[in-house]
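Q: I'd like to ask you about the structure that follows.
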Amino acid sequence: MNQFKGEKSLVSEKKERFSSSGFILAAIGSSVGLGNMWKFPYITGENGGAAFFLLFIICLMLIGLPVLLAEMAIGRSGRGSAATSFIRAGGGKGWKAAGILQVIAPFLILSFYIIVAGWTLNYAVIAFNGQLFSTSDYAGEFSSFITGYMPIVWQGTAMLVTAGVVILGVSGGIEKFNKVLIPGLVVLLIVLMIRAVTLPGAGEGVSFFLKPDFSVLTAESALVALGHAFFSLSLGMGILLTYGSYVGEKQSLGSAALAIGAGDLLYAFIAGLIIFPTTFSFGIAPDQGPSLIFVALPAAFSAMPFGSFFGGLFFILLAIAALTSAVSLLEVPVSFAMERWNWSRQRAVWILSLICFLFGIPSAMSLGMFPELTFGGKALFDWIDFITSNIMLPLGGLLVTIFSGYFWKGAAEAAGLQARWFRVWLFMLRYVAPILVFLVLLHTSGILTF
C-alpha cells in the first residue's frame, strides 16, 4: 500500500532521469556554496593552513564520502522523495520522521539562504555598473543596503530565478542549469585565482594558506574539519536523497561520490587561493565572514587595476554558487509536495517558492530593518541558520549512517560496490561515521566545547 497519496504520479515523473554527467554536476552544484568562499579559507588559516587542509581531506574521506554514497544509494533504492526514501528502501514506518526531517531542513535553509543569494545578485550588478566603487565607505554601503527594503526585492529576484529553473524539471531545468553554470564557475574561479596570486604581496597569503603548521592543530581543529567536511557536501539535508532518486541504475555511485568529493575539494582549494592572496595583498583580516565578502573585498577590488571588472566577476561567481545550491534546496520540498499531495511540478514550485519567500522576509528584516526580531542576542536569521545547520543537518546525517549501517538490508545491491569495498563502506557506516557525526552534532550545537 502506498505510504502517501499521489505516490504514483511522482514515480511517473521520475521516469525523467539525470544523465551521468548531469547528476555529478548537479550534486557538485549543491555542494558548491557560499560557505566555502567565506568560511573555509579563514578556518584553514586559523588551524594550521595546509595541515588543516590535509585534515579536512582525511575527514572528507572518513565521514563525507561514506555518508554521501549512503544518501545517494538510499535515494536511488527508494525512488521517492526524501520523506519516503527510508521507507521505500526497506525501513519501517518509524523511519518516516527521519525523512520528514530532511524535507523541513532544506526548506528552512532556503528561506534564509535565498536572502544572501539576493545580496550577491545585487552586488554583481552594482559592481559592474560602478555604483559599488563610487564610495569608500563599504561598511556603510552594506549597512544601508541590508537595513532598507531592497534586500527583499533581491531575495524575490533570486527566488524567481531558482523557481524558474526547478519548474523546468530534472533534465530540462536542473541538469541544463548546472551544465551551463558549473563550467562557467570553473572559468571564473581560474580567472580570479590568477588575478589574486599575481597581486603584489600575494605570496605571503599563499604561504599562509598552504604552509603546514601541525603545532596549531587541536581537538577543536579536528571537529571543525569534520563539521566542514560534512556541511560542504550538502549532507543531511535531503538533497542527495532526492537527486539519488533521479539516477539511472547504470550510474556508478562510487565513482560519482569520488567525483563530487573531488569537485568540492577543488572549489575549496581555489577559494583559498583567491581569498588569502587578496586579503594579504591589501592588509585585510580574512576571518570576517559575510563582512569579508561584502565590505572588505570590495575595498580590495577598488584598489586594484580593473577592479570593477574583477569585482563584478567575483560576485557573479558567488551568485552562481548561491543559485546552484538554492536550486538543489528547492527541489527537495517540491519532490515531496508532488508525491504527498499529487501536485504538478508547476504548482508545487510556485506555491512552495511563495511560502519560502514570505517565510524568509522576517529573517531578512531582522538583519537591519527590524532589529527587534532578535531573541537571546541573535537575529531571527541567525537562529534559523543555527537550528538548521547546527542541529537538524548533523542529526539527519546521523540517522542516515544508522539506517545504512544497521537497518538497511539492501545496502550492498543499492550501493553497487565490489565486495571488498562494500565491507569497508559498511564498517565506516557502522563504527566510524556515526561516532564522528555525533561529535559534530555535539560540537555544532554547543554542547561539546573546548
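If you're wondering about the labels, chains in the C-alpha cells are A, B, ... by order shown, residues count from 1 in each chain, ligands from 1 in order shown.
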As a count of residues only, which residues of stretch 2-209 of chain A does DSSP assign to helix (DSSP H, G or I)?

A: 164

Q: Skip stretch 387-393 of chain A itself and residues of its chain fewer than 3 positions away, then list as a PDB file with N, CA and C atoms, in the first residue's frame all residues within 10 Å of it, counting only C-alpha atoms.

A:
```pdb
ATOM      1  N   LEU A 101      12.241  15.065   8.398  1.00  0.00           N
ATOM      2  CA  LEU A 101      13.269  15.996   8.867  1.00  0.00           C
ATOM      3  C   LEU A 101      14.084  16.526   7.692  1.00  0.00           C
ATOM      4  N   GLN A 102      14.357  15.650   6.713  1.00  0.00           N
ATOM      5  CA  GLN A 102      15.196  16.039   5.591  1.00  0.00           C
ATOM      6  C   GLN A 102      14.416  16.746   4.485  1.00  0.00           C
ATOM      7  N   ILE A 104      12.004  19.249   5.799  1.00  0.00           N
ATOM      8  CA  ILE A 104      11.840  20.515   6.520  1.00  0.00           C
ATOM      9  C   ILE A 104      13.139  21.312   6.532  1.00  0.00           C
ATOM     10  N   ALA A 105      14.265  20.632   6.777  1.00  0.00           N
ATOM     11  CA  ALA A 105      15.550  21.322   6.899  1.00  0.00           C
ATOM     12  C   ALA A 105      15.910  22.132   5.655  1.00  0.00           C
ATOM     13  N   PRO A 106      15.878  21.550   4.445  1.00  0.00           N
ATOM     14  CA  PRO A 106      16.249  22.364   3.273  1.00  0.00           C
ATOM     15  C   PRO A 106      15.287  23.507   3.003  1.00  0.00           C
ATOM     16  N   PHE A 107      13.992  23.316   3.335  1.00  0.00           N
ATOM     17  CA  PHE A 107      13.041  24.413   3.151  1.00  0.00           C
ATOM     18  C   PHE A 107      13.412  25.590   4.053  1.00  0.00           C
ATOM     19  N   LEU A 108      13.730  25.305   5.321  1.00  0.00           N
ATOM     20  CA  LEU A 108      14.117  26.368   6.247  1.00  0.00           C
ATOM     21  C   LEU A 108      15.438  27.004   5.837  1.00  0.00           C
ATOM     22  N   ILE A 109      16.389  26.180   5.388  1.00  0.00           N
ATOM     23  CA  ILE A 109      17.670  26.723   4.944  1.00  0.00           C
ATOM     24  C   ILE A 109      17.468  27.657   3.758  1.00  0.00           C
ATOM     25  N   GLY A 227      33.152  18.941  10.796  1.00  0.00           N
ATOM     26  CA  GLY A 227      31.923  19.665  10.504  1.00  0.00           C
ATOM     27  C   GLY A 227      31.913  20.241   9.107  1.00  0.00           C
ATOM     28  N   PHE A 230      31.427  17.651   6.427  1.00  0.00           N
ATOM     29  CA  PHE A 230      30.036  17.215   6.398  1.00  0.00           C
ATOM     30  C   PHE A 230      29.162  18.224   5.659  1.00  0.00           C
ATOM     31  N   PHE A 231      29.287  19.489   6.049  1.00  0.00           N
ATOM     32  CA  PHE A 231      28.391  20.503   5.504  1.00  0.00           C
ATOM     33  C   PHE A 231      28.741  20.881   4.076  1.00  0.00           C
ATOM     34  N   SER A 234      26.820  19.056   1.396  1.00  0.00           N
ATOM     35  CA  SER A 234      25.349  19.140   1.458  1.00  0.00           C
ATOM     36  C   SER A 234      24.725  17.875   2.035  1.00  0.00           C
ATOM     37  N   LEU A 235      25.365  17.314   3.046  1.00  0.00           N
ATOM     38  CA  LEU A 235      24.842  16.089   3.655  1.00  0.00           C
ATOM     39  C   LEU A 235      23.781  16.413   4.694  1.00  0.00           C
ATOM     40  N   GLY A 236      22.859  15.482   4.896  1.00  0.00           N
ATOM     41  CA  GLY A 236      21.859  15.622   5.946  1.00  0.00           C
ATOM     42  C   GLY A 236      20.722  16.557   5.626  1.00  0.00           C
ATOM     43  N   MET A 237      20.627  17.031   4.367  1.00  0.00           N
ATOM     44  CA  MET A 237      19.558  17.970   4.042  1.00  0.00           C
ATOM     45  C   MET A 237      18.644  17.480   2.930  1.00  0.00           C
ATOM     46  N   GLY A 238      18.654  16.197   2.644  1.00  0.00           N
ATOM     47  CA  GLY A 238      17.697  15.615   1.711  1.00  0.00           C
ATOM     48  C   GLY A 238      18.020  15.801   0.247  1.00  0.00           C
ATOM     49  N   ASP A 382      19.832  34.462  12.143  1.00  0.00           N
ATOM     50  CA  ASP A 382      20.883  33.642  12.747  1.00  0.00           C
ATOM     51  C   ASP A 382      20.314  32.442  13.503  1.00  0.00           C
ATOM     52  N   TRP A 383      19.128  32.597  14.079  1.00  0.00           N
ATOM     53  CA  TRP A 383      18.513  31.471  14.793  1.00  0.00           C
ATOM     54  C   TRP A 383      18.136  30.345  13.836  1.00  0.00           C
ATOM     55  N   ILE A 384      17.530  30.711  12.705  1.00  0.00           N
ATOM     56  CA  ILE A 384      17.144  29.678  11.740  1.00  0.00           C
ATOM     57  C   ILE A 384      18.382  29.005  11.170  1.00  0.00           C
ATOM     58  N   GLY A 396      20.255  14.695  10.834  1.00  0.00           N
ATOM     59  CA  GLY A 396      19.838  13.972   9.645  1.00  0.00           C
ATOM     60  C   GLY A 396      20.928  13.055   9.134  1.00  0.00           C
ATOM     61  N   GLY A 397      22.171  13.534   9.141  1.00  0.00           N
ATOM     62  CA  GLY A 397      23.291  12.702   8.710  1.00  0.00           C
ATOM     63  C   GLY A 397      23.521  11.520   9.631  1.00  0.00           C
ATOM     64  N   LEU A 398      23.328  11.728  10.928  1.00  0.00           N
ATOM     65  CA  LEU A 398      23.479  10.641  11.894  1.00  0.00           C
ATOM     66  C   LEU A 398      22.453   9.548  11.634  1.00  0.00           C
ATOM     67  N   LEU A 399      21.220   9.942  11.332  1.00  0.00           N
ATOM     68  CA  LEU A 399      20.175   8.964  11.044  1.00  0.00           C
ATOM     69  C   LEU A 399      20.478   8.186   9.763  1.00  0.00           C
ATOM     70  N   VAL A 437      29.916  11.825  13.265  1.00  0.00           N
ATOM     71  CA  VAL A 437      28.766  12.718  13.050  1.00  0.00           C
ATOM     72  C   VAL A 437      28.158  13.130  14.383  1.00  0.00           C
ATOM     73  N   VAL A 440      30.197  15.841  15.729  1.00  0.00           N
ATOM     74  CA  VAL A 440      29.871  17.079  15.009  1.00  0.00           C
ATOM     75  C   VAL A 440      28.601  17.703  15.579  1.00  0.00           C
ATOM     76  N   LEU A 441      27.582  16.881  15.809  1.00  0.00           N
ATOM     77  CA  LEU A 441      26.319  17.369  16.364  1.00  0.00           C
ATOM     78  C   LEU A 441      26.533  18.000  17.734  1.00  0.00           C
ATOM     79  N   LEU A 442      27.307  17.343  18.590  1.00  0.00           N
ATOM     80  CA  LEU A 442      27.590  17.885  19.921  1.00  0.00           C
ATOM     81  C   LEU A 442      28.349  19.199  19.832  1.00  0.00           C
ATOM     82  N   HIS A 443      29.276  19.279  18.881  1.00  0.00           N
ATOM     83  CA  HIS A 443      30.115  20.483  18.749  1.00  0.00           C
ATOM     84  C   HIS A 443      29.319  21.632  18.169  1.00  0.00           C
ATOM     85  N   THR A 444      28.596  21.407  17.071  1.00  0.00           N
ATOM     86  CA  THR A 444      27.867  22.491  16.431  1.00  0.00           C
ATOM     87  C   THR A 444      26.706  22.986  17.277  1.00  0.00           C
ATOM     88  N   SER A 445      26.133  22.113  18.077  1.00  0.00           N
ATOM     89  CA  SER A 445      25.008  22.543  18.937  1.00  0.00           C
ATOM     90  C   SER A 445      25.497  23.277  20.175  1.00  0.00           C
ATOM     91  N   GLY A 446      26.810  23.266  20.426  1.00  0.00           N
ATOM     92  CA  GLY A 446      27.374  23.981  21.560  1.00  0.00           C
ATOM     93  C   GLY A 446      27.507  23.146  22.813  1.00  0.00           C
TER      94      GLY A 446
END
```

Q: Out of A:Ile239, A:Leu233, A:Ile274, A:Ile402, which residue has the shortest atom-to-atom distance to A:Phe438 when counting only C-alpha atoms?

A: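 For A:Phe438, the nearest of the candidates is A:Ile402.
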
Q: Report as a list in words all protein, DNA and RNA residues lying within 9 Å of A:Gly201, evaluated on only C-alpha atoms, omitting residues in the same chain fewer than 2 positions from it.

A: Val197, Thr198, Leu199, Gly203, Glu204, Gly205, Pro277, Thr278, Phe280, Ser281 and Phe282 of chain A

Q: Measuring atom to atom with only C-alpha atoms, identify which of A:Asn129, A:Ser366, A:Asn36, A:Gln418 is nearest to A:Ser252.

A: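 Closest to A:Ser252 of all the choices is A:Gln418.
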
Q: Just the residues within 7 Å of A:Glu71, please, counting only C-alpha atoms, with nothing from its chain fewer than 3 positions along; format it as JSON, numbers by chain.

A: {"A": [67, 68, 74, 75, 240, 241, 400]}

Q: When you draw a straight line from atom CA of A:Trp350 to atom CA of A:Gly164, how long is it in Å?

A: 9.2 Å

Q: For A:Lys176, which of A:Pro66, A:Gly377, A:Gly29, A:Pro362 is the closest residue, counting only C-alpha atoms?

A: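 Looking only at the distances to A:Lys176, the closest residue turns out to be A:Gly29.
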
Q: My list of candidates is A:Tyr431, A:Tyr138, A:Phe403, A:Phe56. Which is closest to A:Ala98 when distances are computed with only C-alpha atoms?

A: A:Phe403

Q: Could you give me, as a PDB file with N, CA, C and O atoms, in the first residue's frame, the residues within 8 Å of stretch 326-343 of chain A, counting only C-alpha atoms and dropping anything in the same chain fewer than 4 positions from it?

A:
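Saved to result_6.pdb:
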```
ATOM      1  N   PHE A   4       1.926   7.410   0.790  1.00  0.00           N
ATOM      2  CA  PHE A   4       1.425   8.755   0.603  1.00  0.00           C
ATOM      3  C   PHE A   4       0.510   8.810  -0.607  1.00  0.00           C
ATOM      4  O   PHE A   4       0.748   8.154  -1.616  1.00  0.00           O
ATOM      5  N   LYS A   5      -0.508   9.614  -0.503  1.00  0.00           N
ATOM      6  CA  LYS A   5      -1.388   9.860  -1.633  1.00  0.00           C
ATOM      7  C   LYS A   5      -0.573  10.496  -2.763  1.00  0.00           C
ATOM      8  O   LYS A   5       0.264  11.340  -2.547  1.00  0.00           O
ATOM      9  N   GLY A   6      -0.839  10.084  -3.980  1.00  0.00           N
ATOM     10  CA  GLY A   6      -0.168  10.697  -5.113  1.00  0.00           C
ATOM     11  C   GLY A   6       1.182  10.121  -5.424  1.00  0.00           C
ATOM     12  O   GLY A   6       1.908  10.629  -6.253  1.00  0.00           O
ATOM     13  N   GLU A   7       1.567   9.065  -4.744  1.00  0.00           N
ATOM     14  CA  GLU A   7       2.892   8.489  -4.941  1.00  0.00           C
ATOM     15  C   GLU A   7       3.104   8.056  -6.383  1.00  0.00           C
ATOM     16  O   GLU A   7       4.192   8.175  -6.927  1.00  0.00           O
ATOM     17  N   LYS A   8       2.062   7.558  -7.038  1.00  0.00           N
ATOM     18  CA  LYS A   8       2.199   7.068  -8.406  1.00  0.00           C
ATOM     19  C   LYS A   8       2.573   8.187  -9.361  1.00  0.00           C
ATOM     20  O   LYS A   8       3.296   7.982 -10.318  1.00  0.00           O
ATOM     21  N   SER A   9       2.058   9.394  -9.099  1.00  0.00           N
ATOM     22  CA  SER A   9       2.364  10.480 -10.009  1.00  0.00           C
ATOM     23  C   SER A   9       3.834  10.830  -9.968  1.00  0.00           C
ATOM     24  O   SER A   9       4.433  11.166 -10.973  1.00  0.00           O
ATOM     25  N   LEU A  10       4.449  10.771  -8.774  1.00  0.00           N
ATOM     26  CA  LEU A  10       5.870  11.066  -8.660  1.00  0.00           C
ATOM     27  C   LEU A  10       6.687   9.992  -9.350  1.00  0.00           C
ATOM     28  O   LEU A  10       7.664  10.281 -10.029  1.00  0.00           O
ATOM     29  N   ALA A  26      25.118  18.421 -11.027  1.00  0.00           N
ATOM     30  CA  ALA A  26      24.058  18.918 -10.142  1.00  0.00           C
ATOM     31  C   ALA A  26      24.451  18.724  -8.683  1.00  0.00           C
ATOM     32  O   ALA A  26      24.211  19.603  -7.835  1.00  0.00           O
ATOM     33  N   GLY A  29      27.033  21.168  -7.858  1.00  0.00           N
ATOM     34  CA  GLY A  29      26.381  22.464  -7.727  1.00  0.00           C
ATOM     35  C   GLY A  29      25.739  22.658  -6.369  1.00  0.00           C
ATOM     36  O   GLY A  29      25.742  23.763  -5.818  1.00  0.00           O
ATOM     37  N   SER A  30      25.192  21.586  -5.807  1.00  0.00           N
ATOM     38  CA  SER A  30      24.581  21.701  -4.482  1.00  0.00           C
ATOM     39  C   SER A  30      25.627  21.892  -3.399  1.00  0.00           C
ATOM     40  O   SER A  30      25.389  22.552  -2.391  1.00  0.00           O
ATOM     41  N   GLY A  80      11.764   7.713  -4.282  1.00  0.00           N
ATOM     42  CA  GLY A  80      10.696   8.586  -3.807  1.00  0.00           C
ATOM     43  C   GLY A  80      11.280   9.916  -3.402  1.00  0.00           C
ATOM     44  O   GLY A  80      12.430  10.237  -3.704  1.00  0.00           O
ATOM     45  N   SER A  81      10.495  10.731  -2.719  1.00  0.00           N
ATOM     46  CA  SER A  81      11.010  11.980  -2.180  1.00  0.00           C
ATOM     47  C   SER A  81      11.891  11.667  -0.980  1.00  0.00           C
ATOM     48  O   SER A  81      11.962  10.518  -0.517  1.00  0.00           O
ATOM     49  N   ALA A  82      12.547  12.700  -0.451  1.00  0.00           N
ATOM     50  CA  ALA A  82      13.377  12.495   0.735  1.00  0.00           C
ATOM     51  C   ALA A  82      12.545  11.976   1.903  1.00  0.00           C
ATOM     52  O   ALA A  82      13.040  11.232   2.750  1.00  0.00           O
ATOM     53  N   ALA A  83      11.256  12.332   1.924  1.00  0.00           N
ATOM     54  CA  ALA A  83      10.393  11.934   3.036  1.00  0.00           C
ATOM     55  C   ALA A  83      10.130  10.439   3.059  1.00  0.00           C
ATOM     56  O   ALA A  83       9.942   9.845   4.126  1.00  0.00           O
ATOM     57  N   VAL A 103      13.152  16.990   4.720  1.00  0.00           N
ATOM     58  CA  VAL A 103      12.369  17.870   3.850  1.00  0.00           C
ATOM     59  C   VAL A 103      12.228  19.242   4.493  1.00  0.00           C
ATOM     60  O   VAL A 103      12.338  20.275   3.823  1.00  0.00           O
ATOM     61  N   ILE A 104      12.004  19.249   5.799  1.00  0.00           N
ATOM     62  CA  ILE A 104      11.840  20.515   6.520  1.00  0.00           C
ATOM     63  C   ILE A 104      13.139  21.312   6.532  1.00  0.00           C
ATOM     64  O   ILE A 104      13.143  22.536   6.315  1.00  0.00           O
ATOM     65  N   PRO A 106      15.878  21.550   4.445  1.00  0.00           N
ATOM     66  CA  PRO A 106      16.249  22.364   3.273  1.00  0.00           C
ATOM     67  C   PRO A 106      15.287  23.507   3.003  1.00  0.00           C
ATOM     68  O   PRO A 106      15.701  24.563   2.509  1.00  0.00           O
ATOM     69  N   PHE A 107      13.992  23.316   3.335  1.00  0.00           N
ATOM     70  CA  PHE A 107      13.041  24.413   3.151  1.00  0.00           C
ATOM     71  C   PHE A 107      13.412  25.590   4.053  1.00  0.00           C
ATOM     72  O   PHE A 107      13.421  26.744   3.611  1.00  0.00           O
ATOM     73  N   ILE A 109      16.389  26.180   5.388  1.00  0.00           N
ATOM     74  CA  ILE A 109      17.670  26.723   4.944  1.00  0.00           C
ATOM     75  C   ILE A 109      17.468  27.657   3.758  1.00  0.00           C
ATOM     76  O   ILE A 109      18.034  28.753   3.697  1.00  0.00           O
ATOM     77  N   LEU A 110      16.640  27.231   2.811  1.00  0.00           N
ATOM     78  CA  LEU A 110      16.398  28.055   1.631  1.00  0.00           C
ATOM     79  C   LEU A 110      15.788  29.400   2.003  1.00  0.00           C
ATOM     80  O   LEU A 110      16.077  30.409   1.357  1.00  0.00           O
ATOM     81  N   TYR A 113      18.885  31.316   3.031  1.00  0.00           N
ATOM     82  CA  TYR A 113      19.970  31.244   2.045  1.00  0.00           C
ATOM     83  C   TYR A 113      19.649  32.098   0.829  1.00  0.00           C
ATOM     84  O   TYR A 113      20.534  32.728   0.239  1.00  0.00           O
ATOM     85  N   ILE A 114      18.373  32.124   0.456  1.00  0.00           N
ATOM     86  CA  ILE A 114      17.965  32.889  -0.722  1.00  0.00           C
ATOM     87  C   ILE A 114      18.135  34.386  -0.474  1.00  0.00           C
ATOM     88  O   ILE A 114      18.277  35.176  -1.424  1.00  0.00           O
ATOM     89  N   THR A 162      15.475  30.806  -9.106  1.00  0.00           N
ATOM     90  CA  THR A 162      15.521  29.431  -8.606  1.00  0.00           C
ATOM     91  C   THR A 162      14.274  28.662  -9.024  1.00  0.00           C
ATOM     92  O   THR A 162      14.360  27.531  -9.525  1.00  0.00           O
ATOM     93  N   ALA A 163      13.113  29.272  -8.836  1.00  0.00           N
ATOM     94  CA  ALA A 163      11.852  28.625  -9.219  1.00  0.00           C
ATOM     95  C   ALA A 163      11.799  28.375 -10.716  1.00  0.00           C
ATOM     96  O   ALA A 163      11.317  27.329 -11.175  1.00  0.00           O
ATOM     97  N   VAL A 165      14.166  27.678 -12.722  1.00  0.00           N
ATOM     98  CA  VAL A 165      14.972  26.510 -13.088  1.00  0.00           C
ATOM     99  C   VAL A 165      14.266  25.221 -12.682  1.00  0.00           C
ATOM    100  O   VAL A 165      14.120  24.291 -13.482  1.00  0.00           O
ATOM    101  N   VAL A 166      13.798  25.168 -11.442  1.00  0.00           N
ATOM    102  CA  VAL A 166      13.205  23.942 -10.909  1.00  0.00           C
ATOM    103  C   VAL A 166      11.917  23.588 -11.644  1.00  0.00           C
ATOM    104  O   VAL A 166      11.608  22.410 -11.850  1.00  0.00           O
ATOM    105  N   ILE A 174      17.134  21.536 -13.999  1.00  0.00           N
ATOM    106  CA  ILE A 174      18.249  21.430 -13.051  1.00  0.00           C
ATOM    107  C   ILE A 174      19.536  20.995 -13.747  1.00  0.00           C
ATOM    108  O   ILE A 174      20.603  21.580 -13.539  1.00  0.00           O
ATOM    109  N   GLY A 238      18.654  16.197   2.644  1.00  0.00           N
ATOM    110  CA  GLY A 238      17.697  15.615   1.711  1.00  0.00           C
ATOM    111  C   GLY A 238      18.020  15.801   0.247  1.00  0.00           C
ATOM    112  O   GLY A 238      17.350  15.203  -0.615  1.00  0.00           O
ATOM    113  N   ILE A 239      19.032  16.602  -0.075  1.00  0.00           N
ATOM    114  CA  ILE A 239      19.336  16.877  -1.484  1.00  0.00           C
ATOM    115  C   ILE A 239      19.803  15.620  -2.199  1.00  0.00           C
ATOM    116  O   ILE A 239      19.309  15.276  -3.283  1.00  0.00           O
ATOM    117  N   THR A 242      17.145  13.047  -2.682  1.00  0.00           N
ATOM    118  CA  THR A 242      16.258  13.409  -3.790  1.00  0.00           C
ATOM    119  C   THR A 242      16.951  13.226  -5.138  1.00  0.00           C
ATOM    120  O   THR A 242      16.389  12.631  -6.060  1.00  0.00           O
ATOM    121  N   ALA A 322      25.607  30.441  -5.132  1.00  0.00           N
ATOM    122  CA  ALA A 322      24.397  30.532  -4.317  1.00  0.00           C
ATOM    123  C   ALA A 322      23.191  29.931  -5.033  1.00  0.00           C
ATOM    124  O   ALA A 322      22.402  29.190  -4.436  1.00  0.00           O
ATOM    125  N   ARG A 347       2.739  23.636  -9.970  1.00  0.00           N
ATOM    126  CA  ARG A 347       2.007  24.071  -8.778  1.00  0.00           C
ATOM    127  C   ARG A 347       2.904  23.984  -7.547  1.00  0.00           C
ATOM    128  O   ARG A 347       2.927  24.907  -6.716  1.00  0.00           O
ATOM    129  N   ALA A 348       3.621  22.888  -7.412  1.00  0.00           N
ATOM    130  CA  ALA A 348       4.488  22.704  -6.246  1.00  0.00           C
ATOM    131  C   ALA A 348       5.555  23.787  -6.188  1.00  0.00           C
ATOM    132  O   ALA A 348       5.832  24.354  -5.121  1.00  0.00           O
ATOM    133  N   VAL A 349       6.160  24.095  -7.328  1.00  0.00           N
ATOM    134  CA  VAL A 349       7.234  25.097  -7.350  1.00  0.00           C
ATOM    135  C   VAL A 349       6.713  26.467  -6.966  1.00  0.00           C
ATOM    136  O   VAL A 349       7.296  27.149  -6.104  1.00  0.00           O
ATOM    137  N   LEU A 352       5.392  26.575  -3.124  1.00  0.00           N
ATOM    138  CA  LEU A 352       6.474  26.470  -2.145  1.00  0.00           C
ATOM    139  C   LEU A 352       7.438  27.643  -2.239  1.00  0.00           C
ATOM    140  O   LEU A 352       7.964  28.106  -1.217  1.00  0.00           O
ATOM    141  N   SER A 353       7.681  28.132  -3.443  1.00  0.00           N
ATOM    142  CA  SER A 353       8.558  29.295  -3.600  1.00  0.00           C
ATOM    143  C   SER A 353       7.954  30.525  -2.934  1.00  0.00           C
ATOM    144  O   SER A 353       8.655  31.298  -2.268  1.00  0.00           O
TER     145      SER A 353
END
```

Q: Which one is closest to A:Arg345: A:Phe23, A:Phe209, A:Leu168, A:Ser363? Count only C-alpha atoms.

A: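 Looking at the shortest contact to A:Arg345, the residue is A:Leu168.
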
Q: Write out as a list in words the residues lying within 9 Å of A:Phe294, counting only C-alpha atoms and excluding same-chain residues fewer than 5 positions away.

A: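 Once the adjacent positions are removed, what remains is Trp119, Thr120, Tyr123, Tyr138, Ala139 and Phe142 of chain A.
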
Q: Would you put the residues from that selection into a file with C-alpha atoms, as a compact mmCIF listing (two decimals), in the first residue's frame?

A:
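Written out: part05.txt:
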```
# COMPACT_ATOMS: atom_id res chain seq x y z
CA TRP A 119 22.74 40.07 -1.88
CA THR A 120 25.21 38.50 -4.32
CA TYR A 123 26.44 43.31 -5.62
CA TYR A 138 31.85 49.96 2.05
CA ALA A 139 30.70 49.15 5.58
CA PHE A 142 26.43 47.34 3.14
```

Q: How far is it from atom CA of A:Ile152 to atom CA of A:Phe177, in Å with one decimal?

A: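 Between atom CA of A:Ile152 and atom CA of A:Phe177 the gap works out to 24.1 Å.
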
Q: Considering only C-alpha atoms, return as a ChimeraX atom specification whatever protein or nucleic-acid residues lie within 10 Å of A:Leu367, sequence-local ones (same chain, fewer than 4 positions apart) excluded.

A: /A:143,146-148,362-363,371-374,378-382

Q: If I take atom CA of A:Pro305 and atom CA of A:Ile43, how far is one from the other in Å, to one decimal?

A: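 Rounded to one decimal, the two atoms are 29.0 Å apart.
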